[in-house]
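Listing of model.cif, mmCIF, C-alpha atoms
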```cif
data_entry
#
loop_
_atom_site.label_atom_id
_atom_site.label_comp_id
_atom_site.auth_asym_id
_atom_site.auth_seq_id
_atom_site.Cartn_x
_atom_site.Cartn_y
_atom_site.Cartn_z
CA MET A 161 213.31 123.65 -80.02
CA ASN A 162 210.65 123.42 -77.34
CA GLU A 163 207.07 124.37 -78.07
CA PRO A 164 206.35 127.92 -76.81
CA ALA A 165 204.61 128.21 -73.48
CA PRO A 166 201.16 129.87 -73.59
CA THR A 167 202.65 133.18 -72.42
CA GLU A 168 205.09 133.08 -75.37
CA LEU A 169 202.45 132.66 -78.08
CA LYS A 170 202.74 135.19 -80.85
CA PRO A 171 200.06 137.90 -81.05
CA THR A 172 197.20 137.11 -83.43
CA SER A 173 195.02 139.32 -85.59
CA ILE A 174 192.50 136.50 -86.13
CA LEU A 175 189.21 136.50 -84.26
CA HIS A 176 189.37 132.80 -83.45
CA ARG A 177 186.38 130.48 -83.02
CA THR A 178 187.71 129.17 -79.72
CA SER A 179 188.14 130.74 -76.30
CA TRP A 180 191.74 129.53 -76.36
CA ARG A 181 194.56 130.18 -78.82
CA PRO A 182 194.72 127.13 -81.08
CA PRO A 183 198.23 125.82 -81.74
CA ILE A 184 199.65 126.68 -85.16
CA ALA A 185 200.18 123.89 -87.69
CA VAL A 186 203.29 124.37 -89.80
CA SER A 187 203.33 121.16 -91.86
CA ALA A 188 201.42 117.92 -92.29
CA ASN A 189 201.86 114.55 -93.91
CA GLY A 190 199.26 111.79 -93.90
CA MET A 191 197.35 111.93 -90.62
CA TYR A 192 200.21 113.62 -88.75
CA VAL A 193 200.47 117.37 -88.21
CA GLU A 194 203.57 119.20 -87.03
CA LEU A 195 202.92 122.15 -84.75
CA GLU A 196 204.91 125.33 -84.29
CA GLY A 197 207.64 124.32 -81.88
CA GLY A 198 208.16 120.91 -83.45
CA ARG A 199 205.57 118.73 -81.70
CA ARG A 200 203.91 116.12 -83.94
CA VAL A 201 200.28 115.10 -83.38
CA LEU A 202 197.97 112.49 -84.93
CA ASP A 203 194.71 113.89 -86.30
CA SER A 204 192.02 111.31 -85.54
CA VAL A 205 189.11 113.41 -86.76
CA GLY A 206 190.41 114.88 -90.01
CA GLY A 207 189.86 118.43 -88.76
CA ALA A 208 186.08 118.12 -88.89
CA ALA A 209 185.70 114.86 -90.83
CA VAL A 210 187.40 116.56 -93.78
CA CYS A 211 190.87 115.07 -94.37
CA CYS A 212 189.69 111.77 -95.79
CA ILE A 213 193.02 110.80 -97.39
CA GLY A 214 195.40 112.74 -95.17
CA ASN A 215 197.72 115.58 -96.11
CA GLY A 216 200.43 115.66 -98.74
CA VAL A 217 199.17 113.09 -101.25
CA PRO A 218 201.47 113.73 -104.27
CA GLU A 219 198.82 113.05 -106.93
CA VAL A 220 196.50 115.69 -105.46
CA VAL A 221 199.23 118.28 -104.93
CA ARG A 222 200.37 117.76 -108.53
CA ALA A 223 196.82 118.14 -109.87
CA ILE A 224 196.43 121.49 -108.08
CA LYS A 225 199.77 122.75 -109.38
CA ASP A 226 199.04 121.58 -112.93
CA GLN A 227 195.64 123.30 -112.91
CA ALA A 228 197.16 126.52 -111.57
CA ASP A 229 199.53 126.46 -114.52
CA LYS A 230 196.59 126.08 -116.94
CA VAL A 231 193.59 128.04 -115.59
CA SER A 232 193.50 129.35 -112.03
CA TYR A 233 190.09 131.08 -112.21
CA VAL A 234 187.11 131.72 -114.45
CA TYR A 235 183.68 133.00 -113.45
CA ASN A 236 181.09 130.29 -114.00
CA MET A 237 178.43 132.65 -115.40
CA GLN A 238 180.84 133.39 -118.23
CA LEU A 239 182.95 130.26 -118.68
CA SER A 240 182.99 126.68 -117.45
CA ASN A 241 186.21 124.74 -116.91
CA GLU A 242 187.49 121.22 -117.56
CA PRO A 243 187.89 119.92 -113.97
CA ALA A 244 184.41 121.17 -113.03
CA GLU A 245 182.83 119.38 -116.00
CA GLU A 246 184.76 116.17 -115.31
CA LEU A 247 184.00 116.22 -111.59
CA ALA A 248 180.28 116.75 -112.23
CA LYS A 249 180.27 113.80 -114.63
CA LEU A 250 182.04 111.63 -112.07
CA LEU A 251 179.56 112.51 -109.30
CA THR A 252 176.48 111.85 -111.40
CA SER A 253 177.73 108.79 -113.30
CA SER A 254 178.86 107.03 -110.11
CA SER A 255 175.48 107.42 -108.37
CA ASN A 256 173.76 104.40 -109.97
CA GLY A 257 171.12 106.67 -111.46
CA ALA A 258 170.35 108.55 -108.24
CA PHE A 259 171.58 111.93 -109.48
CA ASP A 260 171.27 113.61 -112.85
CA LEU A 261 172.90 117.01 -112.36
CA CYS A 262 174.98 118.81 -109.78
CA GLY A 263 176.09 122.29 -108.86
CA PHE A 264 179.26 123.34 -107.04
CA VAL A 265 179.76 125.61 -104.04
CA SER A 266 182.61 126.33 -101.64
CA GLY A 267 181.69 124.26 -98.59
CA GLY A 268 179.06 122.52 -96.50
CA SER A 269 177.04 125.49 -95.27
CA GLU A 270 176.98 126.89 -98.81
CA ALA A 271 175.87 123.49 -100.07
CA MET A 272 172.92 123.38 -97.67
CA GLU A 273 172.06 126.99 -98.50
CA GLY A 274 172.07 125.92 -102.15
CA VAL A 275 169.84 122.95 -101.30
CA ILE A 276 167.26 125.24 -99.68
CA LYS A 277 167.19 127.56 -102.67
CA LEU A 278 167.18 124.78 -105.28
CA ALA A 279 164.28 123.02 -103.54
CA ARG A 280 162.25 126.23 -103.44
CA GLN A 281 163.16 127.05 -107.05
CA TYR A 282 161.99 123.60 -108.16
CA PHE A 283 158.48 124.04 -106.80
CA PHE A 284 158.30 127.66 -107.95
CA GLU A 285 159.13 126.61 -111.49
CA ILE A 286 156.78 123.61 -111.69
CA GLY A 287 153.84 125.77 -110.65
CA GLN A 288 153.56 125.04 -106.92
CA PRO A 289 154.61 128.40 -105.41
CA GLN A 290 152.51 127.75 -102.28
CA ARG A 291 155.18 125.33 -101.06
CA THR A 292 157.20 127.46 -98.66
CA ASN A 293 157.85 125.24 -95.61
CA PHE A 294 160.79 123.05 -94.64
CA ILE A 295 160.80 120.44 -91.89
CA ALA A 296 163.94 119.18 -90.12
CA ARG A 297 164.76 117.55 -86.82
CA GLN A 298 165.53 119.02 -83.42
CA LEU A 299 169.19 118.64 -82.42
CA SER A 300 170.13 118.60 -86.10
CA PHE A 301 172.90 120.72 -87.58
CA HIS A 302 172.92 121.78 -91.23
CA GLY A 303 175.32 124.73 -91.37
CA ASN A 304 176.19 128.11 -89.90
CA THR A 305 174.45 130.58 -92.21
CA VAL A 306 171.26 132.28 -91.01
CA ALA A 307 169.11 130.12 -93.29
CA THR A 308 170.81 126.84 -92.36
CA LEU A 309 170.65 127.67 -88.64
CA SER A 310 166.93 128.24 -89.17
CA LEU A 311 166.59 124.93 -91.00
CA ALA A 312 168.44 122.96 -88.32
CA TYR A 313 167.90 123.03 -84.57
CA HIS A 314 171.23 123.20 -82.76
CA PRO A 315 170.26 125.23 -79.67
CA THR A 316 173.64 126.65 -78.68
CA ARG A 317 174.65 127.64 -82.23
CA ARG A 318 171.24 129.24 -82.80
CA LEU A 319 171.15 131.16 -79.50
CA PRO A 320 172.91 134.45 -80.44
CA TYR A 321 170.89 134.69 -83.67
CA LYS A 322 167.52 133.40 -82.50
CA ALA A 323 165.83 136.79 -82.88
CA ILE A 324 166.66 136.92 -86.61
CA LEU A 325 166.06 133.26 -87.53
CA ASP A 326 163.14 132.34 -89.76
CA GLU A 327 160.47 130.53 -87.73
CA LYS A 328 157.76 131.03 -90.34
CA ASN A 329 159.18 128.74 -93.02
CA PHE A 330 161.34 126.34 -90.99
CA HIS A 331 159.77 123.79 -88.65
CA HIS A 332 161.02 120.92 -86.52
CA VAL A 333 160.09 117.47 -85.28
CA SER A 334 161.68 115.18 -82.70
CA PRO A 335 165.20 113.77 -83.12
CA ALA A 336 165.57 110.23 -84.48
CA TYR A 337 167.62 109.28 -81.45
CA ALA A 338 166.42 106.01 -79.94
CA LYS A 339 169.10 105.75 -77.26
CA ARG A 340 167.82 108.93 -75.62
CA PHE A 341 164.20 109.26 -76.66
CA GLN A 342 162.76 105.81 -77.28
CA GLY A 343 160.20 104.89 -74.60
CA LYS A 344 161.11 102.23 -72.03
CA ASP A 345 158.29 99.95 -73.14
CA GLU A 346 158.51 100.94 -76.81
CA SER A 347 159.95 98.62 -79.45
CA GLU A 348 162.18 99.99 -82.19
CA GLU A 349 159.33 99.54 -84.69
CA GLN A 350 156.94 101.43 -82.41
CA TYR A 351 159.44 104.22 -81.91
CA VAL A 352 159.98 104.60 -85.66
CA GLU A 353 156.24 104.58 -86.25
CA ARG A 354 155.77 107.27 -83.60
CA LEU A 355 158.31 109.47 -85.36
CA ARG A 356 156.62 108.82 -88.71
CA GLN A 357 153.24 109.79 -87.28
CA GLU A 358 154.70 112.95 -85.76
CA LEU A 359 156.18 113.93 -89.10
CA GLU A 360 152.91 113.28 -90.91
CA GLN A 361 151.03 115.34 -88.33
CA LYS A 362 153.46 118.20 -88.94
CA PHE A 363 152.75 117.96 -92.70
CA ILE A 364 149.02 118.04 -92.00
CA ALA A 365 149.29 120.95 -89.54
CA LEU A 366 151.27 123.04 -92.01
CA GLY A 367 149.15 121.96 -94.98
CA PRO A 368 150.63 119.05 -96.97
CA ASP A 369 150.81 121.05 -100.18
CA THR A 370 152.84 123.82 -98.48
CA VAL A 371 155.82 121.62 -97.56
CA ILE A 372 158.89 121.86 -99.78
CA GLY A 373 160.83 119.06 -98.18
CA PHE A 374 161.95 117.14 -95.15
CA VAL A 375 165.66 117.34 -94.38
CA ALA A 376 166.43 114.04 -92.66
CA GLU A 377 165.72 110.39 -93.37
CA THR A 378 162.03 109.49 -93.65
CA VAL A 379 160.93 108.99 -97.25
CA VAL A 380 157.40 107.60 -97.10
CA VAL A 381 155.70 110.78 -95.83
CA CYS A 382 157.50 112.93 -98.40
CA ASP A 383 156.33 110.70 -101.24
CA LYS A 384 152.76 110.68 -99.94
CA TYR A 385 152.47 114.45 -100.03
CA GLY A 386 154.71 115.24 -103.01
CA ALA A 387 157.46 116.91 -100.98
CA LEU A 388 161.16 116.49 -101.62
CA PHE A 389 163.33 114.06 -99.68
CA ILE A 390 166.52 115.98 -98.85
CA LEU A 391 169.72 114.62 -97.32
CA ASP A 392 172.58 116.51 -95.72
CA GLU A 393 175.63 114.29 -96.24
CA VAL A 394 178.18 117.07 -95.78
CA MET A 395 179.97 115.05 -93.07
CA SER A 396 178.69 111.52 -93.66
CA GLY A 397 178.91 111.34 -97.45
CA MET A 398 181.58 110.67 -100.08
CA GLY A 399 182.71 107.37 -98.56
CA ARG A 400 182.89 108.26 -94.86
CA MET A 401 180.32 105.60 -93.85
CA GLY A 402 181.82 102.85 -96.02
CA THR A 403 179.80 103.53 -99.18
CA MET A 404 179.92 106.52 -101.53
CA HIS A 405 176.70 107.85 -100.02
CA ALA A 406 175.62 107.13 -96.46
CA TRP A 407 172.07 106.31 -97.58
CA GLU A 408 173.44 103.35 -99.54
CA SER A 409 174.40 101.54 -96.33
CA PHE A 410 172.29 103.21 -93.62
CA GLY A 411 168.54 103.73 -93.65
CA ASP A 412 166.27 102.10 -96.21
CA GLY A 413 168.53 102.69 -99.19
CA ALA A 414 166.19 105.17 -100.88
CA ALA A 415 167.99 107.88 -102.85
CA PRO A 416 167.14 111.51 -102.05
CA ASP A 417 165.74 114.11 -104.41
CA ILE A 418 168.47 116.55 -103.40
CA GLN A 419 171.68 115.91 -101.46
CA ALA A 420 174.49 118.09 -100.13
CA VAL A 421 178.09 116.85 -99.97
CA ALA A 422 181.27 118.67 -99.07
CA LYS A 423 183.94 117.60 -96.60
CA GLY A 424 185.02 114.30 -98.13
CA LEU A 425 184.63 115.71 -101.63
CA GLY A 426 187.80 117.80 -101.57
CA GLY A 427 189.41 116.12 -98.58
CA GLY A 428 190.66 119.46 -97.26
CA TYR A 429 192.81 120.20 -100.32
CA ALA A 430 190.39 122.93 -101.40
CA SER A 431 187.16 124.53 -100.23
CA ILE A 432 184.41 122.80 -102.17
CA GLY A 433 180.92 121.38 -101.80
CA ALA A 434 178.26 120.14 -104.18
CA VAL A 435 174.49 119.95 -104.50
CA LEU A 436 173.36 116.73 -106.19
CA MET A 437 169.89 116.53 -107.70
CA SER A 438 167.71 113.69 -108.96
CA LYS A 439 166.24 113.47 -112.45
CA ARG A 440 162.90 114.62 -110.99
CA VAL A 441 164.40 117.89 -109.78
CA ALA A 442 166.71 118.30 -112.77
CA ASN A 443 163.82 117.88 -115.20
CA GLY A 444 161.68 120.32 -113.25
CA ILE A 445 164.36 122.98 -113.68
CA ARG A 446 165.17 122.01 -117.29
CA ASP A 447 161.51 122.26 -118.31
CA SER A 448 161.25 125.81 -116.96
CA SER A 449 164.11 128.32 -116.62
CA GLY A 450 166.79 125.72 -117.33
CA ILE A 451 169.23 127.38 -114.91
CA TRP A 452 170.19 127.21 -111.24
CA LYS A 453 169.19 130.57 -109.80
CA HIS A 454 171.90 130.52 -107.18
CA GLY A 455 175.57 131.36 -107.30
CA HIS A 456 178.75 132.59 -105.68
CA THR A 457 181.91 134.15 -107.05
CA TYR A 458 184.05 131.07 -106.48
CA GLN A 459 181.47 128.49 -107.51
CA ALA A 460 183.04 125.66 -109.59
CA HIS A 461 186.49 127.13 -108.97
CA PRO A 462 188.98 125.38 -111.30
CA LEU A 463 191.57 124.72 -108.58
CA ALA A 464 188.98 123.43 -106.13
CA CYS A 465 187.41 121.14 -108.72
CA ALA A 466 190.83 119.88 -109.84
CA ALA A 467 191.70 119.09 -106.22
CA ALA A 468 188.41 117.30 -105.57
CA LEU A 469 188.69 115.34 -108.81
CA ALA A 470 192.17 114.17 -107.85
CA VAL A 471 190.98 113.23 -104.35
CA GLN A 472 188.14 111.14 -105.76
CA LYS A 473 190.41 109.44 -108.27
CA PHE A 474 192.90 108.62 -105.50
CA ILE A 475 190.10 107.15 -103.35
CA ALA A 476 188.88 104.99 -106.24
CA ALA A 477 192.34 103.85 -107.39
CA ASN A 478 193.29 102.75 -103.88
CA LYS A 479 189.88 101.25 -103.02
CA LEU A 480 189.67 103.48 -99.98
CA ILE A 481 185.90 103.31 -99.59
CA GLU A 482 186.22 99.55 -99.22
CA ASN A 483 189.09 100.15 -96.80
CA CYS A 484 186.93 102.61 -94.88
CA GLN A 485 184.39 99.85 -94.36
CA LYS A 486 187.05 97.29 -93.36
CA GLN A 487 188.94 99.59 -91.02
CA GLY A 488 185.68 100.84 -89.58
CA GLN A 489 184.90 97.35 -88.35
CA TYR A 490 188.29 97.14 -86.65
CA PHE A 491 187.86 100.62 -85.18
CA GLU A 492 184.49 99.67 -83.71
CA LYS A 493 186.02 96.53 -82.17
CA LEU A 494 188.80 98.58 -80.55
CA LEU A 495 186.41 101.22 -79.22
CA ARG A 496 183.97 98.71 -77.73
CA SER A 497 186.79 96.69 -76.21
CA LYS A 498 188.25 99.79 -74.55
CA PHE A 499 185.10 101.60 -73.45
CA GLU A 500 182.26 99.08 -73.01
CA GLY A 501 181.61 96.83 -70.01
CA PRO A 502 181.48 97.42 -66.25
CA ASN A 503 185.27 97.58 -65.89
CA ALA A 504 185.96 99.48 -69.09
CA VAL A 505 187.68 102.84 -69.33
CA GLY A 506 185.25 105.58 -68.37
CA ALA A 507 182.69 103.29 -66.76
CA PRO A 508 180.07 104.12 -65.58
CA PHE A 509 179.95 107.29 -67.70
CA VAL A 510 180.07 105.80 -71.22
CA PHE A 511 176.49 106.15 -72.41
CA ASP A 512 176.79 105.04 -76.04
CA ILE A 513 179.24 104.14 -78.78
CA ARG A 514 177.81 104.60 -82.24
CA GLY A 515 178.81 105.11 -85.84
CA GLY A 516 179.71 103.34 -89.04
CA GLY A 517 182.55 103.21 -91.53
CA LEU A 518 185.17 105.61 -90.16
CA PHE A 519 182.72 108.00 -88.47
CA TRP A 520 182.33 107.20 -84.76
CA ALA A 521 181.45 108.89 -81.50
CA ILE A 522 181.46 108.05 -77.81
CA GLU A 523 178.76 109.73 -75.76
CA PHE A 524 179.36 110.25 -72.06
CA ASP A 525 176.68 110.91 -69.47
CA PHE A 526 177.29 112.67 -66.17
CA SER A 527 173.69 112.93 -64.95
CA GLY A 528 172.14 111.12 -61.99
CA GLU A 529 173.76 109.69 -58.89
CA LYS A 530 176.87 108.44 -60.65
CA ALA A 531 177.87 112.03 -61.40
CA SER A 532 178.37 112.71 -57.69
CA ILE A 533 181.89 111.27 -57.78
CA VAL A 534 183.25 113.84 -60.25
CA ASP A 535 183.21 117.63 -60.39
CA PHE A 536 184.15 119.50 -63.56
CA GLY A 537 183.16 122.86 -62.12
CA LYS A 538 182.10 125.15 -64.94
CA GLN A 539 184.06 123.12 -67.48
CA GLN A 540 182.72 120.42 -69.78
CA PHE A 541 184.13 116.93 -69.90
CA ALA A 542 184.22 116.71 -73.71
CA MET A 543 186.28 119.86 -74.03
CA LEU A 544 188.60 118.85 -71.20
CA ALA A 545 189.11 115.51 -72.97
CA GLN A 546 189.81 117.23 -76.29
CA ALA A 547 192.47 119.44 -74.67
CA ARG A 548 194.06 116.56 -72.75
CA ALA A 549 194.16 114.32 -75.84
CA LEU A 550 195.98 117.05 -77.75
CA GLU A 551 198.55 117.25 -74.95
CA LYS A 552 199.01 113.49 -75.39
CA GLY A 553 199.51 113.86 -79.14
CA VAL A 554 196.09 113.05 -80.66
CA ILE A 555 193.51 115.47 -82.06
CA VAL A 556 189.90 114.53 -81.25
CA MET A 557 186.71 116.57 -81.48
CA GLY A 558 184.78 117.32 -78.30
CA MET A 559 181.12 118.27 -78.69
CA THR A 560 178.57 119.21 -76.06
CA GLY A 561 174.82 119.72 -75.80
CA GLY A 562 173.43 116.75 -77.72
CA ALA A 563 171.72 114.86 -74.91
CA ASN A 564 168.58 116.95 -74.46
CA LEU A 565 166.42 119.19 -76.61
CA GLN A 566 167.62 122.32 -74.82
CA GLY A 567 171.23 121.63 -75.76
CA THR A 568 172.40 121.95 -72.15
CA GLU A 569 173.54 118.38 -71.50
CA GLY A 570 175.72 115.80 -73.19
CA ASP A 571 179.40 115.19 -73.87
CA HIS A 572 180.60 113.53 -77.05
CA ILE A 573 183.98 112.66 -78.53
CA ILE A 574 183.88 112.41 -82.33
CA LEU A 575 186.40 110.42 -84.33
CA ALA A 576 186.76 110.45 -88.14
CA PRO A 577 190.20 109.27 -89.28
CA ALA A 578 191.35 109.19 -92.88
CA TYR A 579 190.11 106.38 -95.12
CA ASN A 580 193.69 105.10 -95.47
CA VAL A 581 194.28 104.90 -91.71
CA THR A 582 196.40 101.95 -90.59
CA ASN A 583 195.70 99.45 -87.82
CA GLU A 584 198.57 100.92 -85.82
CA GLU A 585 197.13 104.43 -86.09
CA LEU A 586 193.68 103.23 -85.00
CA GLU A 587 195.22 101.45 -82.03
CA LYS A 588 197.12 104.57 -81.04
CA ILE A 589 193.97 106.70 -81.27
CA VAL A 590 192.00 104.36 -79.01
CA ASP A 591 194.84 103.88 -76.52
CA VAL A 592 195.49 107.61 -76.18
CA LEU A 593 191.77 108.35 -75.90
CA GLY A 594 191.45 105.72 -73.18
CA ASP A 595 194.34 107.26 -71.22
CA THR A 596 192.82 110.69 -71.77
CA VAL A 597 189.43 109.73 -70.37
CA GLU A 598 191.06 108.10 -67.34
CA ASP A 599 193.23 111.17 -66.71
CA VAL A 600 190.35 113.65 -66.92
CA LEU A 601 188.11 111.58 -64.65
CA LYS A 602 190.86 111.06 -62.07
CA SER A 603 191.86 114.71 -62.02
CA HIS A 604 188.24 115.78 -61.40
CA LYS A 605 187.30 113.12 -58.91
CA LYS A 606 185.83 114.45 -55.68
#
```

Please re-express this file's structure in C-alpha cells.
Amino acid sequence: MNEPAPTELKPTSILHRTSWRPPIAVSANGMYVELEGGRRVLDSVGGAAVCCIGNGVPEVVRAIKDQADKVSYVYNMQLSNEPAEELAKLLTSSSNGAFDLCGFVSGGSEAMEGVIKLARQYFFEIGQPQRTNFIARQLSFHGNTVATLSLAYHPTRRLPYKAILDEKNFHHVSPAYAKRFQGKDESEEQYVERLRQELEQKFIALGPDTVIGFVAETVVVCDKYGALFILDEVMSGMGRMGTMHAWESFGDGAAPDIQAVAKGLGGGYASIGAVLMSKRVANGIRDSSGIWKHGHTYQAHPLACAAALAVQKFIAANKLIENCQKQGQYFEKLLRSKFEGPNAVGAPFVFDIRGGGLFWAIEFDFSGEKASIVDFGKQQFAMLAQARALEKGVIVMGMTGGANLQGTEGDHIILAPAYNVTNEELEKIVDVLGDTVEDVLKSHKK
C-alpha cells in the first residue's frame, strides 16, 4: 500500500503544534518507526531527545503490563506506591551523594515548574522570604508553562504570551555561547570572567539577598551570595551526555542544589519527570513543614514510575551510558568528517558542530555575503532540511532562532539517537543528513 498523498490525509480533530499535518506513526521498534501507509523511518532524535533506548524493549513493556495488573493508579497525597519508592531510591542512591530526596511530576515543563516552587518554598521555610528573584540566561529554554517561559528567554516561544509573563521576579543575563558572543580579541578565560562579572552585577543590582537561584551553570556567584545553583537537565540528563548527569562530564563537576530531569528518565514509555534536591534543600524542608507544597493529580503515577524504573534498569544492565559515551565519539567523528572543511557538505554555511555523548547539533549560518547564492524565500533552512530528511527516511529536529538575542536568526539541526544506536545507524543518519543538506541548498540556489 502506498502512503497517502497529502490530499488523501484523514481529517483530524487535533489542534496540532505544526503548520503541516504530521504523518501518523502506527508502530515502532528500536529506532525505527512505521508510518501510516507502510513507510519506515529512522528516528535520529528520539522524538525530542526522549527515546533513549528505542521503542518496544520487552523488559519495559512487561514492567508496564505487570504494574497495570497490580496497581494502575493511587493518589500520592493518600497512598504511595512501590515503583515510585524504588525509583526515588535509585535516583538518589546513584548520585554519589549529590541528591537526598526527589519528587515526581509528569514531564519536563512540570519538572521545571516544580523546581521554581521548591526553590521558593525552601527560602520561605528557612526564614528568608525576601528572596523572590530568579536569574537565567537569554536564549535559554526551560519549558512551555507561563512560569517557565518567564524563567527562560526563548524569544519566539515567549512572543504570544509576553504581556502576561512575569518580568518582576525573573531576570536574564547573556548566553554562555562563545562561538557567537565571545569577543574577537577575548580569550576563553576572559569571556568566562566577563560572564561571571555580569552575573554578579545582576545579583548586586537586584540585591544579593533577594535572589533565589541561578538557573544555568555558574556556581561561584551562587555560593557567594547564598543563592541556589539550579540545573535544567530535562534534555541533557539521565545519560544523554555520556554520564548519568551532564554536570558530571561538562562544566566544573559541581553538583546542583536542585535539578530537573525528564526525557531520558522514562525514555518515552510514560510521561514522567523528577525534581532532585540536595541535602541542603532537603534538610531545609524537613526542618520546617516537612512536605513538598506542590503537586499534580498524576504525580508519582505507578505506571509511569514502573516504566521509568524498567528503563533505568535496562540502561544499567546493558551499560548504555558507557555506550552513549563511546558511540558519541564515533558520531562526532562522522559529523565532522561530513560537514567540516572547505569542501565539506554544506560549506560555507556550516557555522558550528557541537555536543557531547549522543546529543549533537549542527548550526548553519546564512548571513553575510555567502548567503547571496541561496534564496529560501520566506522559508527557513532548518525546517526545509527537517522535511527533506523525513522524505529520505530519517527524522531530525530543525530549530531556528538561536543565533541572535532577538531569536530572528539561526538554523540548527539537532540529533539525539538512542543510547543503544549502532554504528550502521549512525552512518545512515549522517549520510542521509549530508544528502539532505546538499539537496536543500541545490534546490534553493539562485

Practice item. Tell me which protein, DNA and RNA residues are within 12 Å of Tyr490 of chain A, counting only C-alpha atoms, leaving out same-chain ones fewer than 6 positions away, and put them as number ranges by chain. Key: A: 483-484, 496-497, 516-518, 520, 581-587, 590

message = What's around Thr172 of chain A at 12 Å? Count only C-alpha atoms, leave out sequence neighbours fewer than 5 positions away in its own chain, and write the answer as a PyMOL selection string.
response = chain A and resi 180-184

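Picture a line from atom CA of Thr403 of chain A to atom CA of Glu482 of chain A; it runs 7.6 Å.
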
- Message: For this structure, which residues satisfy the selection - the PyMOL selection byres ((chain A and resi 299) around 12) - when it is evaluated on the file as given? I want them as a PyMOL selection string.
- Response: chain A and resi 296-298+300-302+309-318+332-337+340+376+560-570

Residues in the PyMOL selection byres ((chain A and resi 269) around 12), expressed as a PDB file with C-alpha atoms, keeping the file's coordinate frame:
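Dumped everything to out.pdb:
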```pdb
ATOM      1  CA  VAL A 265     179.760 125.610-104.040  1.00  0.00           C
ATOM      2  CA  SER A 266     182.610 126.330-101.640  1.00  0.00           C
ATOM      3  CA  GLY A 267     181.690 124.260 -98.590  1.00  0.00           C
ATOM      4  CA  GLY A 268     179.060 122.520 -96.500  1.00  0.00           C
ATOM      5  CA  GLU A 270     176.980 126.890 -98.810  1.00  0.00           C
ATOM      6  CA  ALA A 271     175.870 123.490-100.070  1.00  0.00           C
ATOM      7  CA  MET A 272     172.920 123.380 -97.670  1.00  0.00           C
ATOM      8  CA  GLU A 273     172.060 126.990 -98.500  1.00  0.00           C
ATOM      9  CA  GLY A 274     172.070 125.920-102.150  1.00  0.00           C
ATOM     10  CA  VAL A 275     169.840 122.950-101.300  1.00  0.00           C
ATOM     11  CA  ILE A 276     167.260 125.240 -99.680  1.00  0.00           C
ATOM     12  CA  PHE A 301     172.900 120.720 -87.580  1.00  0.00           C
ATOM     13  CA  HIS A 302     172.920 121.780 -91.230  1.00  0.00           C
ATOM     14  CA  GLY A 303     175.320 124.730 -91.370  1.00  0.00           C
ATOM     15  CA  ASN A 304     176.190 128.110 -89.900  1.00  0.00           C
ATOM     16  CA  THR A 305     174.450 130.580 -92.210  1.00  0.00           C
ATOM     17  CA  VAL A 306     171.260 132.280 -91.010  1.00  0.00           C
ATOM     18  CA  ALA A 307     169.110 130.120 -93.290  1.00  0.00           C
ATOM     19  CA  THR A 308     170.810 126.840 -92.360  1.00  0.00           C
ATOM     20  CA  LEU A 309     170.650 127.670 -88.640  1.00  0.00           C
ATOM     21  CA  LEU A 311     166.590 124.930 -91.000  1.00  0.00           C
ATOM     22  CA  ALA A 312     168.440 122.960 -88.320  1.00  0.00           C
ATOM     23  CA  ASP A 392     172.580 116.510 -95.720  1.00  0.00           C
ATOM     24  CA  GLU A 393     175.630 114.290 -96.240  1.00  0.00           C
ATOM     25  CA  VAL A 394     178.180 117.070 -95.780  1.00  0.00           C
ATOM     26  CA  MET A 395     179.970 115.050 -93.070  1.00  0.00           C
ATOM     27  CA  ALA A 420     174.490 118.090-100.130  1.00  0.00           C
ATOM     28  CA  VAL A 421     178.090 116.850 -99.970  1.00  0.00           C
ATOM     29  CA  ALA A 422     181.270 118.670 -99.070  1.00  0.00           C
ATOM     30  CA  LYS A 423     183.940 117.600 -96.600  1.00  0.00           C
ATOM     31  CA  SER A 431     187.160 124.530-100.230  1.00  0.00           C
ATOM     32  CA  ILE A 432     184.410 122.800-102.170  1.00  0.00           C
ATOM     33  CA  GLY A 433     180.920 121.380-101.800  1.00  0.00           C
ATOM     34  CA  ALA A 434     178.260 120.140-104.180  1.00  0.00           C
ATOM     35  CA  VAL A 435     174.490 119.950-104.500  1.00  0.00           C
TER      36      VAL A 435
END
```

List the residues selected by the PyMOL selection byres ((chain A and resi 546) around 10) in the file shown, writing them as a PyMOL selection string. chain A and resi 541-545+547-552+554-559+572-574+593+596-597

Students should find that atom CA of Gly216 of chain A and atom CA of Lys588 of chain A are spaced 21.1 Å

As a check of understanding: the span from atom CA of Thr370 of chain A to atom CA of Tyr385 of chain A is 9.5 Å

Item to check | Nearby residues (all atoms listed in the file) at most 7 Å from segment 415-419 of chain A, same-chain spacing under 5 positions excluded, as number ranges by chain | outcome: A: 258, 275, 388-393, 407, 435-438, 441

Across A:Lys225, A:His604, A:Lys322, A:Arg400, the smallest distance to Gln539 of chain A, with all atoms listed in the file counted, is shown by A:His604
